[in-house]
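Source file: coords_26.tsv (TSV, C-alpha atoms)
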chain	number	residue	atom	x	y	z
A	1	MET	CA	0.00	0.00	0.00
A	2	SER	CA	1.27	3.41	-0.91
A	3	TRP	CA	1.65	6.01	1.82
A	4	LEU	CA	-0.83	8.02	-0.24
A	5	ASP	CA	-3.48	5.37	0.35
A	6	ALA	CA	-3.29	5.97	4.10
A	7	ILE	CA	-4.89	9.36	3.52
A	8	SER	CA	-8.65	9.69	3.79
A	9	TRP	CA	-9.23	11.79	0.69
A	10	ASN	CA	-12.65	13.44	0.62
A	11	ASP	CA	-15.26	12.97	-2.09
A	12	GLU	CA	-13.36	15.41	-4.27
A	13	GLY	CA	-10.05	13.64	-3.72
A	14	MET	CA	-8.66	16.34	-1.45
A	15	VAL	CA	-7.74	17.00	2.16
A	16	PRO	CA	-6.95	20.28	3.88
A	17	ALA	CA	-3.28	21.08	4.34
A	18	ILE	CA	-1.94	23.42	6.99
A	19	ALA	CA	1.35	25.20	6.38
A	20	GLN	CA	3.25	26.00	9.56
A	21	ASP	CA	6.49	27.96	9.68
A	22	ALA	CA	9.13	25.49	10.83
A	23	ALA	CA	11.19	28.31	12.34
A	24	THR	CA	8.58	30.32	14.23
A	25	GLY	CA	5.83	27.76	14.74
A	26	ARG	CA	3.27	30.20	13.36
A	27	VAL	CA	0.45	28.82	11.26
A	28	LEU	CA	0.81	30.46	7.87
A	29	MET	CA	-2.15	29.30	5.81
A	30	THR	CA	-4.39	26.45	4.85
A	31	ALA	CA	-5.08	25.14	1.37
A	32	TRP	CA	-6.38	22.03	-0.33
A	33	ILE	CA	-4.08	19.29	-1.49
A	34	ASN	CA	-4.83	16.26	-3.64
A	35	ARG	CA	-2.89	13.14	-4.43
A	36	GLU	CA	-0.95	14.59	-7.32
A	37	ALA	CA	-0.16	17.80	-5.45
A	38	LEU	CA	1.13	15.88	-2.45
A	39	GLU	CA	3.27	13.63	-4.60
A	40	LEU	CA	4.75	16.70	-6.27
A	41	THR	CA	5.27	18.36	-2.88
A	42	VAL	CA	7.42	15.40	-1.85
A	43	ARG	CA	9.23	15.11	-5.16
A	44	GLU	CA	9.98	18.82	-5.51
A	45	GLY	CA	10.45	19.61	-1.83
A	46	ARG	CA	8.15	22.60	-2.07
A	47	ALA	CA	4.48	23.04	-1.23
A	48	VAL	CA	2.19	22.24	-4.15
A	49	TYR	CA	-1.52	22.64	-3.51
A	50	TRP	CA	-4.70	22.16	-5.49
A	51	SER	CA	-6.38	25.44	-6.26
A	52	ARG	CA	-10.11	24.89	-6.22
A	53	SER	CA	-10.82	28.34	-7.66
A	54	ARG	CA	-8.44	27.86	-10.58
A	55	ARG	CA	-9.03	24.11	-10.80
A	56	ARG	CA	-5.37	23.36	-11.26
A	57	LEU	CA	-2.19	22.54	-9.38
A	58	TRP	CA	-0.77	25.51	-7.56
A	59	ARG	CA	2.92	25.61	-6.87
A	60	LYS	CA	2.88	28.01	-3.94
A	61	GLY	CA	4.99	31.01	-4.89
A	62	GLU	CA	4.79	30.43	-8.64
A	63	GLU	CA	3.64	34.02	-9.15
A	64	SER	CA	4.64	35.73	-5.92
A	65	GLY	CA	8.01	34.06	-5.44
A	66	HIS	CA	6.85	33.16	-1.93
A	67	VAL	CA	7.81	29.53	-2.25
A	68	GLN	CA	7.43	27.19	0.72
A	69	THR	CA	10.28	24.74	1.13
A	70	VAL	CA	8.96	21.67	2.92
A	71	ARG	CA	10.92	20.34	5.88
A	72	GLU	CA	8.48	17.82	7.27
A	73	ILE	CA	5.08	16.35	6.48
A	74	ARG	CA	2.63	15.17	9.13
A	75	LEU	CA	-0.67	13.32	8.98
A	76	ASP	CA	-3.31	13.36	11.67
A	77	CYS	CA	-4.97	10.47	13.50
A	78	ASP	CA	-7.95	10.36	11.14
A	79	GLY	CA	-5.79	10.66	8.06
A	80	ASP	CA	-7.74	13.62	6.81
A	81	THR	CA	-5.47	16.56	7.59
A	82	ILE	CA	-1.94	17.20	6.35
A	83	LEU	CA	0.51	19.48	8.13
A	84	LEU	CA	3.46	20.89	6.19
A	85	LEU	CA	6.35	22.33	8.18
A	86	VAL	CA	7.89	24.86	5.84
A	87	GLU	CA	10.45	27.56	5.33
A	88	GLN	CA	8.59	30.56	3.99
A	89	ARG	CA	10.60	32.36	1.35
A	90	GLY	CA	10.28	36.14	1.58
A	91	GLY	CA	8.69	35.90	5.00
A	92	ILE	CA	5.26	36.38	3.44
A	93	ALA	CA	2.71	33.61	2.99
A	94	CYS	CA	-0.42	35.63	2.28
A	95	HIS	CA	-1.49	37.20	-1.00
A	96	THR	CA	-2.47	40.27	1.03
A	97	GLY	CA	1.19	40.85	1.90
A	98	HIS	CA	0.86	39.68	5.49
A	99	TYR	CA	3.31	37.17	6.94
A	100	SER	CA	0.46	34.78	7.78
A	101	CYS	CA	-3.03	34.51	6.33
A	102	LEU	CA	-4.35	34.36	9.89
A	103	TYR	CA	-3.87	38.04	10.63
A	104	ARG	CA	-7.36	38.81	11.92
A	105	ARG	CA	-8.03	38.43	15.63
A	106	LEU	CA	-11.41	38.44	17.28
A	107	ASP	CA	-11.53	41.33	19.75
A	108	GLU	CA	-14.85	41.28	21.57
A	109	ASP	CA	-17.27	41.32	18.65
A	110	ARG	CA	-15.12	42.33	15.69
A	111	TRP	CA	-12.21	41.09	13.63
A	112	VAL	CA	-9.15	43.28	13.88
A	113	ASP	CA	-6.13	43.16	11.58
A	114	VAL	CA	-3.35	42.75	14.11
A	115	GLU	CA	-0.39	42.24	11.79
A	116	PRO	CA	1.30	44.55	9.32
A	117	VAL	CA	1.19	44.35	5.55
A	118	LEU	CA	4.85	43.69	4.79
A	119	LYS	CA	4.59	44.26	1.07
A	120	ASP	CA	2.00	45.86	-1.16
A	121	PRO	CA	0.16	43.09	-3.02
A	122	ALA	CA	0.48	45.09	-6.23
A	123	ALA	CA	4.25	44.87	-5.84
A	124	ILE	CA	4.12	41.16	-5.02
A	125	TYR	CA	2.32	40.35	-8.23
A	126	GLU	CA	3.77	43.02	-10.54
A	127	ASN	CA	5.69	40.44	-12.55
A	128	LYS	CA	2.75	38.07	-12.70
A	129	PRO	CA	2.58	36.43	-16.12
B	1	MET	CA	-23.12	42.98	10.58
B	2	SER	CA	-22.20	40.35	13.09
B	3	TRP	CA	-18.59	39.16	13.29
B	4	LEU	CA	-20.05	35.75	12.46
B	5	ASP	CA	-21.20	37.04	9.09
B	6	ALA	CA	-17.60	37.79	8.12
B	7	ILE	CA	-16.97	34.06	7.98
B	8	SER	CA	-17.37	32.25	4.67
B	9	TRP	CA	-19.29	29.23	5.91
B	10	ASN	CA	-19.35	26.36	3.45
B	11	ASP	CA	-22.47	24.78	1.96
B	12	GLU	CA	-22.95	22.85	5.18
B	13	GLY	CA	-22.56	25.95	7.35
B	14	MET	CA	-19.12	24.96	8.61
B	15	VAL	CA	-15.47	25.93	8.34
B	16	PRO	CA	-12.39	24.03	9.46
B	17	ALA	CA	-10.90	25.08	12.78
B	18	ILE	CA	-7.29	24.51	13.76
B	19	ALA	CA	-6.40	24.24	17.43
B	20	GLN	CA	-2.87	25.36	18.23
B	21	ASP	CA	-1.26	25.13	21.66
B	22	ALA	CA	-0.78	28.73	22.80
B	23	ALA	CA	2.17	27.70	24.96
B	24	THR	CA	4.18	25.47	22.63
B	25	GLY	CA	2.97	26.62	19.22
B	26	ARG	CA	2.29	23.01	18.22
B	27	VAL	CA	-0.72	22.30	16.06
B	28	LEU	CA	-2.94	19.99	18.10
B	29	MET	CA	-5.84	19.06	15.84
B	30	THR	CA	-8.36	20.22	13.33
B	31	ALA	CA	-12.13	19.94	13.54
B	32	TRP	CA	-15.23	21.48	12.01
B	33	ILE	CA	-16.95	24.42	13.57
B	34	ASN	CA	-20.30	25.98	12.74
B	35	ARG	CA	-21.94	29.22	13.74
B	36	GLU	CA	-23.48	27.91	16.94
B	37	ALA	CA	-20.29	26.12	17.98
B	38	LEU	CA	-18.21	29.24	17.45
B	39	GLU	CA	-20.64	31.39	19.40
B	40	LEU	CA	-20.48	28.89	22.25
B	41	THR	CA	-16.69	28.79	22.03
B	42	VAL	CA	-16.62	32.54	22.62
B	43	ARG	CA	-19.29	32.52	25.30
B	44	GLU	CA	-17.85	29.60	27.26
B	45	GLY	CA	-14.17	30.30	26.61
B	46	ARG	CA	-13.56	26.69	25.61
B	47	ALA	CA	-13.39	25.00	22.23
B	48	VAL	CA	-16.75	23.78	20.99
B	49	TYR	CA	-16.79	22.05	17.62
B	50	TRP	CA	-19.36	20.47	15.37
B	51	SER	CA	-18.98	16.71	15.21
B	52	ARG	CA	-19.94	15.58	11.72
B	53	SER	CA	-19.88	11.92	12.68
B	54	ARG	CA	-22.16	12.42	15.67
B	55	ARG	CA	-24.09	15.28	14.06
B	56	ARG	CA	-24.08	17.34	17.21
B	57	LEU	CA	-22.14	19.98	19.09
B	58	TRP	CA	-18.96	18.65	20.61
B	59	ARG	CA	-17.55	20.39	23.65
B	60	LYS	CA	-13.95	19.26	23.34
B	61	GLY	CA	-13.09	17.33	26.49
B	62	GLU	CA	-16.68	16.54	27.46
B	63	GLU	CA	-15.80	12.85	27.76
B	64	SER	CA	-12.02	12.85	28.03
B	65	GLY	CA	-11.65	15.88	30.29
B	66	HIS	CA	-9.17	17.23	27.74
B	67	VAL	CA	-10.83	20.63	27.55
B	68	GLN	CA	-9.29	23.37	25.42
B	69	THR	CA	-9.41	26.81	27.02
B	70	VAL	CA	-9.42	29.39	24.25
B	71	ARG	CA	-6.99	32.29	24.51
B	72	GLU	CA	-7.35	33.81	21.07
B	73	ILE	CA	-9.36	33.33	17.89
B	74	ARG	CA	-8.02	34.12	14.44
B	75	LEU	CA	-9.62	34.23	11.00
B	76	ASP	CA	-7.77	33.90	7.72
B	77	CYS	CA	-7.72	36.21	4.71
B	78	ASP	CA	-10.45	34.29	2.89
B	79	GLY	CA	-12.60	34.00	5.99
B	80	ASP	CA	-12.84	30.26	5.63
B	81	THR	CA	-10.43	28.99	8.28
B	82	ILE	CA	-10.52	29.58	12.03
B	83	LEU	CA	-7.48	29.25	14.28
B	84	LEU	CA	-7.98	28.72	18.00
B	85	LEU	CA	-5.04	29.37	20.29
B	86	VAL	CA	-5.70	27.16	23.28
B	87	GLU	CA	-4.48	25.80	26.56
B	88	GLN	CA	-4.74	22.04	26.35
B	89	ARG	CA	-5.86	20.55	29.63
B	90	GLY	CA	-4.12	17.29	30.47
B	91	GLY	CA	-1.52	17.87	27.76
B	92	ILE	CA	-3.39	15.50	25.44
B	93	ALA	CA	-5.49	16.62	22.48
B	94	CYS	CA	-5.87	13.34	20.62
B	95	HIS	CA	-8.32	10.52	21.32
B	96	THR	CA	-5.40	8.14	20.71
B	97	GLY	CA	-3.64	9.48	23.81
B	98	HIS	CA	-1.06	11.48	21.87
B	99	TYR	CA	-0.37	15.10	22.73
B	100	SER	CA	-1.22	16.15	19.18
B	101	CYS	CA	-3.31	14.43	16.54
B	102	LEU	CA	-0.52	15.13	14.07
B	103	TYR	CA	1.81	12.44	15.37
B	104	ARG	CA	2.55	10.69	12.08
B	105	ARG	CA	5.53	11.89	10.07
B	106	LEU	CA	6.30	10.97	6.50
B	107	ASP	CA	9.70	9.25	6.42
B	108	GLU	CA	10.61	8.44	2.84
B	109	ASP	CA	7.58	6.43	1.75
B	110	ARG	CA	5.82	5.57	5.01
B	111	TRP	CA	4.06	7.22	7.91
B	112	VAL	CA	5.84	6.76	11.22
B	113	ASP	CA	4.38	7.43	14.66
B	114	VAL	CA	6.98	9.77	16.09
B	115	GLU	CA	5.33	10.75	19.35
B	116	PRO	CA	4.49	8.75	22.45
B	117	VAL	CA	1.06	7.68	23.62
B	118	LEU	CA	0.84	9.58	26.90
B	119	LYS	CA	-2.23	7.81	28.18
B	120	ASP	CA	-4.03	4.64	27.19
B	121	PRO	CA	-7.24	5.64	25.35
B	122	ALA	CA	-9.13	3.05	27.41
B	123	ALA	CA	-8.12	4.99	30.52
B	124	ILE	CA	-9.01	8.32	28.96
B	125	TYR	CA	-12.55	7.20	28.25
B	126	GLU	CA	-13.14	4.86	31.17
B	127	ASN	CA	-15.65	7.22	32.76
B	128	LYS	CA	-17.38	7.91	29.50
B	129	PRO	CA	-21.14	8.13	30.02
Kindly return the structure encoded in the file as C-alpha cells.
Amino acid sequence: MSWLDAISWNDEGMVPAIAQDAATGRVLMTAWINREALELTVREGRAVYWSRSRRRLWRKGEESGHVQTVREIRLDCDGDTILLLVEQRGGIACHTGHYSCLYRRLDEDRWVDVEPVLKDPAAIYENKP
Amino acid sequence: MSWLDAISWNDEGMVPAIAQDAATGRVLMTAWINREALELTVREGRAVYWSRSRRRLWRKGEESGHVQTVREIRLDCDGDTILLLVEQRGGIACHTGHYSCLYRRLDEDRWVDVEPVLKDPAAIYENKP
C-alpha cells in the first residue's frame, strides 16, 4: 500500500493542508491538497496545492516568489489533515502581503487586523505572467 | 453585521478550525466548527466544535476531560479557516492518547508514529457516560 493510500481523501479527492512555519511555529495558511499535489510536494520539496478556484495545481509562490520549502510532512490520527512544516521564502505567505493569512483576531465582537502588511500586493504580483 | 457574518461558511454551514497550543505553538488538531459552535466557544471560553460523525455539538473534552481553554481566535484572509489558540488541559489533544493528533511523520515512503502515547485511550474514556 502506498503512503498516499493511508490518507482519507474526501469525495473530491482532497484533504486540507496546513502550512506551519518550521522556524517560528506560526500557522501560515491552509489550502487544499490532492494526491498529485502531495506527490509533487514530496518530489519537488516545495508546497504544491490544489487550487479549487483555478481548478489546477498551484505551486505556492509560482507568481509571488513566496515559495514554501517543505521540511516535514505530518498526517493526523484520522488521516484527513496534512501538516506541512515549511520555510517561507520572503517571510510572506499571504497574498495580502501579510506574513500569515491568519492576521485577523477576534476582539470582543469584531475582527481586527493585528499584523502589518509587509509588502504591497500590487508589488508582489507586478511580474505576474 | 455580526462578526459571524464575516466568515465564509461552506455549503454545510461549517469551516475548518485549527487548534494550536498557545504555549508550545504546536498544532494539536483540526475539527469542524459551525456558527453555533463558534458562538459557544466565545461565550464559554472553551473549544466547541461540530462533530460531523455524531451530528451534534462537541464540547472538546466533554468525555475525556481534555478541555481546550481558548486564549485567542483568528480568522484567515479568505474567511474560511478559524485558528484557536488554546491551553490544552491534560496535555493531550488526541483521542489516541497522543499530545497532538498530528503524530505521524512521513519518512521516505511511510508514515511513522513519532510521538508517544501519553495515556491509554481506554483509561481516557473509562468514565465515558
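The closest residue to chain B, picked from A:Trp32, A:Trp58, A:Trp111, A:Trp50 and counting all atoms listed in the file, is A:Trp111.
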Residues of chain A no more than 9 Å from chain B, counting only C-alpha atoms: send them over as a PyMOL selection string.
chain A and resi 2-4+6+16+18+20+24-27+29-30+42+72-78+81-83+94-96+100-111
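Taking atom CA of Ala47 of chain A as the reference point, atom CA of Val70 of chain A is found at 6.3 Å.
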Please, what distance in Å, to one decimal, runs between atom CA of Gln68 of chain A and atom CA of Ser53 of chain A?
20.1 Å
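If all atoms listed in the file are the atoms counted, then among A:Lys60, A:Glu12, A:Leu118, A:Gly97 the closest residue to Gly45 of chain A is A:Lys60.
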Atom CA of Glu62 of chain A to atom CA of Trp9 of chain A, distance in Å rounded to a single decimal
25.1 Å
Please check which residues have atoms at most 12 Å from (3.6, 43.7, -3.7) in the file's coordinates, counting all atoms listed in the file, and write them as a compact mmCIF listing (two decimals) with C-alpha atoms, in the frame of the given file.
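Output saved as result-v4.txt:
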# COMPACT_ATOMS: atom_id res chain seq x y z
CA GLU A 63 3.64 34.02 -9.15
CA SER A 64 4.64 35.73 -5.92
CA GLY A 65 8.01 34.06 -5.44
CA HIS A 66 6.85 33.16 -1.93
CA GLY A 90 10.28 36.14 1.58
CA ILE A 92 5.26 36.38 3.44
CA CYS A 94 -0.42 35.63 2.28
CA HIS A 95 -1.49 37.20 -1.00
CA THR A 96 -2.47 40.27 1.03
CA GLY A 97 1.19 40.85 1.90
CA HIS A 98 0.86 39.68 5.49
CA VAL A 117 1.19 44.35 5.55
CA LEU A 118 4.85 43.69 4.79
CA LYS A 119 4.59 44.26 1.07
CA ASP A 120 2.00 45.86 -1.16
CA PRO A 121 0.16 43.09 -3.02
CA ALA A 122 0.48 45.09 -6.23
CA ALA A 123 4.25 44.87 -5.84
CA ILE A 124 4.12 41.16 -5.02
CA TYR A 125 2.32 40.35 -8.23
CA GLU A 126 3.77 43.02 -10.54
CA ASN A 127 5.69 40.44 -12.55
CA LYS A 128 2.75 38.07 -12.70
Find the residues around Arg35 of chain B up to 10 Å (only C-alpha atoms counted), leave out those fewer than 6 positions away in its own chain, and share them as an NGL selection string.
:B and (4-5 or 7 or 9 or 13-15 or 41 or 49-50)
Have segment 88-111 of chain B completed to N, CA and C atoms, please, and pass it along as a compact mmCIF listing (two decimals), in the coordinates of the input.
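What ended up in selection-v1.txt:
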# COMPACT_ATOMS: atom_id res chain seq x y z
N GLN B 88 -4.25 23.41 26.43
CA GLN B 88 -4.74 22.04 26.35
C GLN B 88 -4.68 21.38 27.72
N ARG B 89 -5.84 21.19 28.33
CA ARG B 89 -5.86 20.55 29.63
C ARG B 89 -5.41 19.09 29.51
N GLY B 90 -4.61 18.66 30.45
CA GLY B 90 -4.12 17.29 30.47
C GLY B 90 -2.97 17.04 29.51
N GLY B 91 -2.64 18.04 28.69
CA GLY B 91 -1.52 17.87 27.76
C GLY B 91 -1.77 16.82 26.70
N ILE B 92 -3.03 16.50 26.45
CA ILE B 92 -3.39 15.50 25.44
C ILE B 92 -4.58 16.04 24.64
N ALA B 93 -4.39 16.16 23.34
CA ALA B 93 -5.49 16.62 22.48
C ALA B 93 -6.15 15.46 21.75
N CYS B 94 -5.41 14.39 21.53
CA CYS B 94 -5.87 13.34 20.62
C CYS B 94 -6.56 12.19 21.35
N HIS B 95 -7.58 11.65 20.73
CA HIS B 95 -8.32 10.52 21.32
C HIS B 95 -7.45 9.26 21.39
N THR B 96 -6.32 9.27 20.67
CA THR B 96 -5.40 8.14 20.71
C THR B 96 -4.47 8.20 21.92
N GLY B 97 -4.53 9.32 22.66
CA GLY B 97 -3.64 9.48 23.81
C GLY B 97 -2.35 10.23 23.49
N HIS B 98 -2.21 10.65 22.24
CA HIS B 98 -1.06 11.48 21.87
C HIS B 98 -1.33 12.94 22.25
N TYR B 99 -0.26 13.66 22.47
CA TYR B 99 -0.37 15.10 22.73
C TYR B 99 -1.09 15.79 21.58
N SER B 100 -0.64 15.55 20.38
CA SER B 100 -1.22 16.15 19.18
C SER B 100 -1.76 15.06 18.27
N CYS B 101 -2.80 15.39 17.53
CA CYS B 101 -3.31 14.43 16.54
C CYS B 101 -2.34 14.25 15.37
N LEU B 102 -1.42 15.17 15.22
CA LEU B 102 -0.52 15.13 14.07
C LEU B 102 0.78 14.43 14.44
N TYR B 103 0.66 13.18 14.84
CA TYR B 103 1.81 12.44 15.37
C TYR B 103 2.47 11.54 14.33
N ARG B 104 1.95 11.52 13.13
CA ARG B 104 2.55 10.69 12.08
C ARG B 104 3.37 11.55 11.13
N ARG B 105 4.61 11.14 10.93
CA ARG B 105 5.53 11.89 10.07
C ARG B 105 5.86 11.05 8.85
N LEU B 106 5.91 11.69 7.71
CA LEU B 106 6.30 10.97 6.50
C LEU B 106 7.82 10.81 6.48
N ASP B 107 8.27 9.55 6.55
CA ASP B 107 9.70 9.25 6.42
C ASP B 107 9.87 8.44 5.14
N GLU B 108 10.50 9.05 4.17
CA GLU B 108 10.61 8.44 2.84
C GLU B 108 9.22 8.09 2.32
N ASP B 109 8.86 6.81 2.36
CA ASP B 109 7.58 6.43 1.75
C ASP B 109 6.63 5.75 2.75
N ARG B 110 6.77 6.12 4.03
CA ARG B 110 5.82 5.57 5.01
C ARG B 110 5.58 6.56 6.14
N TRP B 111 4.42 6.39 6.78
CA TRP B 111 4.06 7.22 7.91
C TRP B 111 4.56 6.55 9.18
